[in-house]
Amino acid sequence: MTQTYSTAARLLHWLTAIFIIALIVLGVWMTERSAANIWDALTNTLYAWHKLIGFLVLLLTAIRLTVKLRSTRPAYPDSVAPLTIKFAAAAHGVLYLLLLVVPLLGWAGVTAYPALITVGGYDLPAMPGIPKDQALAKQLFEIHGTLALALAALALAHIGAALHHLLIKKDGVFQRMWCKQGG
Ligand code: HEM
């Protein structure tokens with residue numbers, strides 16, 4: 001029987017995956033509208049949801065790293081080469097780093113701008129230590145956008161690798177992050 005990650009680890013993984021897809025779509029859509037100088041209710045709603053979901057990803061990633069440090073990773077099947085496991089660990093490390101740095105940069109940007117308002121008119125807390133400075137905010141948003149696209153590219157490669165294990169290698173690696181299998 002394939003060993004799986006803990007229920008908490010799997011829940012956090014799939015929730016993060018759904019949120020990242022939503023954030024990329026919202027992020028690209030809202031910045032296209034702001035570049036075209038369309039500042040209507042829809043644009044504001046897209047920004048509000050992007051900021052709220054992005055902040056949730058930051059919190060989820062912090063919880064996820066805590067869960068990860070307190071648990072052991074399920075074993076890979078013997079068919080997976082040690083070098084592949086090292087390469088996967090490095091890629092996962094960069095993914096975790098971007099899952100922290102990208103939302104931190106967005107949060108710092110909206111604190112500096114300041115534009116902390118989210119869904120329902122609720123404000124995010126301001127990031128401590130960040131001054132109100134629009135030029136700084138613009139620089140932070142630029143790095144945020146570039147690293148977010150790097151995160152999207154790495155996430156695509158990650159999905160490709162997962163599908164390769166599921167559909168071609170059929171070696172149980174995908175199932176470790178899916179439901180518990182009977183038998
Ligand atoms: C992992 C989490 C996040 C991802 C993947 C993400 C992704 C993106 C993407 C793809 C863009 C569009 C970049 C472009 O096309 O130029 C963007 C822009 C933006 N994001 Fe995020 N984001 C995240 C978290 C956050 C957070 C936490 C905040 C604020 C609380 C935030 C605030 C913004 C803002 C204000 C912009 C527009 C910047 C501008 O107008 O130039 N993001 N984000």
# chains A, B, ... in the order shown; residues from 1 in each chain; ligands from 1
call {"tool": "residues_around", "arguments": {"residues": "Trp107 of chain A", "least_positions_apart": "3", "cutoff": "9 Å", "atoms": "only C-alpha atoms", "output": "PyMOL selection string"}}
result
chain A and resi 51+54-55+102-104+110-112+116+124+126-127
call {"tool": "residues_around", "arguments": {"residues": "Tyr5 of chain A", "least_positions_apart": "5", "cutoff": "12 Å", "atoms": "only C-alpha atoms", "output": "ChimeraX atom specification"}}
result
/A:10-13,67-68,71-76,173-180
call {"tool": "residues_around", "arguments": {"residues": "segment 20-23 of chain A", "least_positions_apart": "6", "cutoff": "8 Å", "atoms": "only C-alpha atoms", "output": "MDAnalysis selection string"}}
result
chainID A and resid 50 53:54 57
call {"tool": "write_last_selection", "arguments": {"atoms": "N, CA and C atoms", "output": "short mmCIF file (atom, residue, chain, number, x, y, z; two decimals), in the first residue's frame"}}
result
data_model
loop_
_atom_site.label_atom_id
_atom_site.label_comp_id
_atom_site.auth_asym_id
_atom_site.auth_seq_id
_atom_site.Cartn_x
_atom_site.Cartn_y
_atom_site.Cartn_z
N HIS A 50 -7.53 39.28 -4.60
CA HIS A 50 -6.12 38.90 -4.77
C HIS A 50 -5.37 39.12 -3.46
N ILE A 53 -6.68 36.53 -0.67
CA ILE A 53 -6.23 35.13 -0.90
C ILE A 53 -4.70 35.05 -0.77
N GLY A 54 -4.01 36.10 -1.28
CA GLY A 54 -2.54 36.12 -1.18
C GLY A 54 -2.09 36.09 0.27
N VAL A 57 -2.49 32.67 1.65
CA VAL A 57 -1.41 31.76 1.22
C VAL A 57 -0.19 31.92 2.13
#
call {"tool": "residues_around", "arguments": {"residues": "segment 155-159 of chain A", "least_positions_apart": "2", "cutoff": "12 Å", "atoms": "only C-alpha atoms", "output": "mmCIF file with N, CA and C atoms, in the first residue's frame"}}
result
data_model
loop_
_atom_site.group_PDB
_atom_site.id
_atom_site.type_symbol
_atom_site.label_atom_id
_atom_site.label_comp_id
_atom_site.auth_asym_id
_atom_site.auth_seq_id
_atom_site.Cartn_x
_atom_site.Cartn_y
_atom_site.Cartn_z
ATOM 1 N N TRP A 14 -3.371 20.951 -1.379
ATOM 2 C CA TRP A 14 -4.365 21.161 -2.437
ATOM 3 C C TRP A 14 -5.047 22.518 -2.304
ATOM 4 N N THR A 16 -3.501 25.206 -1.179
ATOM 5 C CA THR A 16 -2.497 26.143 -1.726
ATOM 6 C C THR A 16 -2.545 26.112 -3.249
ATOM 7 N N ALA A 17 -2.651 24.908 -3.828
ATOM 8 C CA ALA A 17 -2.657 24.782 -5.292
ATOM 9 C C ALA A 17 -3.830 25.571 -5.889
ATOM 10 N N ILE A 18 -5.030 25.410 -5.293
ATOM 11 C CA ILE A 18 -6.215 26.125 -5.808
ATOM 12 C C ILE A 18 -6.003 27.634 -5.658
ATOM 13 N N ILE A 20 -3.180 29.333 -5.535
ATOM 14 C CA ILE A 20 -2.139 29.884 -6.426
ATOM 15 C C ILE A 20 -2.704 30.072 -7.836
ATOM 16 N N ILE A 21 -3.493 29.098 -8.308
ATOM 17 C CA ILE A 21 -4.097 29.242 -9.641
ATOM 18 C C ILE A 21 -4.987 30.495 -9.652
ATOM 19 N N ILE A 24 -2.869 33.773 -9.673
ATOM 20 C CA ILE A 24 -2.215 34.100 -10.948
ATOM 21 C C ILE A 24 -3.270 34.689 -11.899
ATOM 22 N N PHE A 87 16.873 16.148 -6.496
ATOM 23 C CA PHE A 87 16.437 17.206 -7.407
ATOM 24 C C PHE A 87 15.035 17.690 -7.008
ATOM 25 N N ALA A 88 14.155 16.731 -6.681
ATOM 26 C CA ALA A 88 12.783 17.074 -6.273
ATOM 27 C C ALA A 88 12.818 17.895 -4.983
ATOM 28 N N ALA A 89 13.685 17.493 -4.031
ATOM 29 C CA ALA A 89 13.766 18.208 -2.748
ATOM 30 C C ALA A 89 14.210 19.657 -2.988
ATOM 31 N N ALA A 90 15.163 19.850 -3.921
ATOM 32 C CA ALA A 90 15.647 21.207 -4.222
ATOM 33 C C ALA A 90 14.514 22.036 -4.839
ATOM 34 N N ALA A 91 13.780 21.431 -5.781
ATOM 35 C CA ALA A 91 12.670 22.149 -6.437
ATOM 36 C C ALA A 91 11.587 22.498 -5.400
ATOM 37 N N HIS A 92 11.297 21.562 -4.497
ATOM 38 C CA HIS A 92 10.276 21.826 -3.468
ATOM 39 C C HIS A 92 10.750 22.939 -2.530
ATOM 40 N N GLY A 93 12.069 22.951 -2.245
ATOM 41 C CA GLY A 93 12.629 24.010 -1.397
ATOM 42 C C GLY A 93 12.428 25.387 -2.021
ATOM 43 N N VAL A 94 12.689 25.480 -3.346
ATOM 44 C CA VAL A 94 12.518 26.772 -4.033
ATOM 45 C C VAL A 94 11.024 27.150 -4.053
ATOM 46 N N LEU A 95 10.147 26.153 -4.249
ATOM 47 C CA LEU A 95 8.700 26.433 -4.229
ATOM 48 C C LEU A 95 8.283 27.018 -2.876
ATOM 49 N N TYR A 96 8.743 26.403 -1.779
ATOM 50 C CA TYR A 96 8.405 26.917 -0.439
ATOM 51 C C TYR A 96 8.931 28.339 -0.258
ATOM 52 N N LEU A 98 9.498 30.605 -2.556
ATOM 53 C CA LEU A 98 8.669 31.557 -3.324
ATOM 54 C C LEU A 98 7.291 31.722 -2.694
ATOM 55 N N LEU A 99 6.758 30.647 -2.081
ATOM 56 C CA LEU A 99 5.440 30.735 -1.430
ATOM 57 C C LEU A 99 5.483 31.653 -0.210
ATOM 58 N N ALA A 148 6.332 36.161 -8.926
ATOM 59 C CA ALA A 148 5.075 35.405 -9.014
ATOM 60 C C ALA A 148 5.049 34.610 -10.322
ATOM 61 N N LEU A 149 5.570 35.194 -11.402
ATOM 62 C CA LEU A 149 5.575 34.464 -12.679
ATOM 63 C C LEU A 149 6.602 33.322 -12.639
ATOM 64 N N ALA A 150 7.719 33.550 -11.901
ATOM 65 C CA ALA A 150 8.701 32.464 -11.714
ATOM 66 C C ALA A 150 8.047 31.328 -10.919
ATOM 67 N N LEU A 151 7.249 31.699 -9.914
ATOM 68 C CA LEU A 151 6.528 30.691 -9.110
ATOM 69 C C LEU A 151 5.553 29.910 -10.003
ATOM 70 N N ALA A 152 4.865 30.634 -10.889
ATOM 71 C CA ALA A 152 3.910 29.974 -11.789
ATOM 72 C C ALA A 152 4.644 28.980 -12.701
ATOM 73 N N ALA A 153 5.824 29.381 -13.215
ATOM 74 C CA ALA A 153 6.584 28.502 -14.123
ATOM 75 C C ALA A 153 7.037 27.245 -13.377
ATOM 76 N N ALA A 161 5.755 17.106 -13.586
ATOM 77 C CA ALA A 161 6.445 15.965 -12.958
ATOM 78 C C ALA A 161 5.425 15.044 -12.274
ATOM 79 N N ALA A 162 4.442 15.652 -11.586
ATOM 80 C CA ALA A 162 3.429 14.852 -10.877
ATOM 81 C C ALA A 162 2.623 14.013 -11.880
ATOM 82 N N LEU A 163 2.248 14.636 -13.021
ATOM 83 C CA LEU A 163 1.468 13.909 -14.034
ATOM 84 C C LEU A 163 2.303 12.804 -14.696
ATOM 85 N N HIS A 164 3.611 13.063 -14.850
ATOM 86 C CA HIS A 164 4.514 12.058 -15.416
ATOM 87 C C HIS A 164 4.511 10.803 -14.523
ATOM 88 N N HIS A 165 4.540 11.015 -13.193
ATOM 89 C CA HIS A 165 4.496 9.877 -12.261
ATOM 90 C C HIS A 165 3.140 9.183 -12.303
ATOM 91 N N LEU A 166 2.054 9.996 -12.416
ATOM 92 C CA LEU A 166 0.702 9.417 -12.383
ATOM 93 C C LEU A 166 0.386 8.623 -13.651
ATOM 94 N N LEU A 167 0.710 9.221 -14.818
ATOM 95 C CA LEU A 167 0.225 8.640 -16.076
ATOM 96 C C LEU A 167 1.250 7.780 -16.804
ATOM 97 N N PHE A 174 2.504 10.052 -7.162
ATOM 98 C CA PHE A 174 1.388 11.012 -7.130
ATOM 99 C C PHE A 174 0.442 10.697 -5.968
#
call {"tool": "closest_residue", "arguments": {"among": "A:Met30, A:Leu69, A:Val80, A:Leu154", "to": "ligand 1", "atoms": "only C-alpha atoms and all ligand atoms"}}
result
A:Met30
call {"tool": "residues_around", "arguments": {"residues": "Asp123 of chain A", "least_positions_apart": "4", "cutoff": "10 Å", "atoms": "only C-alpha atoms", "output": "list in words"}}
result
Ala48, Lys51, Leu52, Ala115, Leu116, Ile117, Thr118 and Val119 of chain A
call {"tool": "closest_residue", "arguments": {"among": "A:Leu46, A:Leu136, A:Ala9, A:Leu15", "to": "Gly27 of chain A", "atoms": "only C-alpha atoms"}}
result
A:Leu46
call {"tool": "closest_residue", "arguments": {"among": "A:Asp133, A:Asp171, A:Asp78, A:Glu32", "to": "ligand 1", "atoms": "only C-alpha atoms and all ligand atoms"}}
result
A:Glu32
call {"tool": "select_by_dssp", "arguments": {"residues": "chain A", "states": "alpha helix (DSSP H)", "output": "ChimeraX atom specification"}}
result
/A:7-35,41-70,82-112,134-163
call {"tool": "atom_distance", "arguments": {"atom1": "atom 5 (C, counted along the ligand's line) of ligand 1", "atom2": "atom CA of Leu83 of chain A"}}
result
28.7 Å
call {"tool": "closest_residue", "arguments": {"among": "A:Ala81, A:Ala137, A:Ala41, A:Ile168", "to": "ligand 1", "atoms": "only C-alpha atoms and all ligand atoms"}}
result
A:Ala137
call {"tool": "atom_distance", "arguments": {"atom1": "atom 1 (C, counted along the ligand's line) of ligand 1", "atom2": "atom CA of Gly121 of chain A"}}
result
21.6 Å
